[in-house]
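Following: one structure in structure tokens, then a few remarks.
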Amino acid sequence: MNKTIQTLCAALFALTAMSQAQAHGDEAHAKKAGPVKKEQKEWGIAGDAKAVKRTITLTMSDTMRFTPDKIDVKQGETVKFVMKNSGKILHELVIGTKKELDEHAAQMVKFPNMEHDEPYMAHVPAGKTGEIIWNFNKAGDFDFACLIAGHYQAGMVGTIKVVAAKGDGHAHKH
């Protein structure tokens, strides 16, 4: 019986070590310098720094809240989000649809060490600042959240309303 427990412990230890090594390998891979992946999402596409027209500063706190938690933008606007983590624990900002965030949050509960690195998300260590540059090229109501296990469930969420552009956006007043 004792031998079986030793074998199980050794197997569990090996599996844990493998999964951690994998996560760290992915992290190194994700941090490679290169062009930002521009993939059209329901809630927009990665933006260019030179196209930024407005900066929105968000504070993330250990009370599991974002300030502000409601943001209005115009369709076509490229926004730079600056996230300040005023807490003592890691937080993140992920932009998406309610459905996407719900699915992603469920994955984070199952796999809390899962590495993810997309242009619409940023991890912000305690006391640090992070940023996301995002082009809201589609109108609609979207969400943002901290998907670290337990944070989303505690209500660390916010909303983004993207107001449709009037006309084609090329009208000029003289």
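Convention: chains lettered A, B, ... in structure tokens order; per-chain residue numbering from 1; ligands numbered from 1 as shown.
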Requested in this report: Write out as a count of residues only each polymer residue whose atoms come within 9 Å of region 80-95 of chain A, counting only C-alpha atoms; drop sequence neighbours fewer than 3 positions from it.
Outcome: 44
Query - Selection near Met108 (chain A), 12 Å with only C-alpha atoms, sequence-local residues under 2 positions removed, as a PyMOL selection string - result: chain A and resi 101-106+110-116+146-153
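Of the residues under consideration (A:Met156, A:Ala165, A:Val109, A:Val73), A:Val73 shows the shortest atom-to-atom contact distance to Asp141 (chain A) when counting only C-alpha atoms.
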Report task. From region 18-155 of chain A, collect each residue whose DSSP state is strand (DSSP E) and return the set as JSON, numbers by chain. Result -> {"A": [45, 46, 54, 55, 56, 57, 58, 59, 60, 61, 65, 66, 67, 70, 71, 72, 73, 74, 77, 78, 79, 80, 81, 82, 83, 84, 85, 91, 92, 93, 94, 95, 96, 121, 122, 123, 124, 129, 130, 131, 132, 133, 134, 135, 136, 140, 141, 142, 143, 144, 145]}
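The two atoms in question, CA of Pro68 (chain A) and CA of Thr159 (chain A), are spaced 9.4 Å apart.
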Could you pull out all residues of region 25-108 of chain A with a DSSP call of alpha helix (DSSP H) and give them as a short mmCIF file (atom, residue, chain, number, x, y, z; two decimals) with C-alpha atoms, in the first residue's frame?
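Output contents, as saved in out_38.cif:
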```cif
data_model
loop_
_atom_site.label_atom_id
_atom_site.label_comp_id
_atom_site.auth_asym_id
_atom_site.auth_seq_id
_atom_site.Cartn_x
_atom_site.Cartn_y
_atom_site.Cartn_z
CA GLY A 25 7.56 27.82 -21.92
CA ASP A 26 4.37 29.34 -23.32
CA GLU A 27 5.01 32.52 -21.36
CA ALA A 28 8.47 32.91 -22.89
CA HIS A 29 6.99 32.23 -26.32
CA ALA A 30 4.22 34.78 -25.83
CA LYS A 98 -20.26 38.58 -21.99
CA LYS A 99 -20.39 35.08 -23.57
CA GLU A 100 -16.63 35.02 -24.33
CA LEU A 101 -15.75 36.28 -20.84
CA ASP A 102 -18.04 33.72 -19.17
CA GLU A 103 -16.39 30.89 -21.16
CA HIS A 104 -12.87 32.21 -20.51
CA ALA A 105 -13.60 32.66 -16.77
CA ALA A 106 -14.77 29.04 -16.53
CA GLN A 107 -11.48 27.91 -18.15
CA MET A 108 -9.48 30.03 -15.70
#
```
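CA of Asn137 (chain A) to CA of Lys70 (chain A) spans 18.3 Å [interatomic distance, one decimal].
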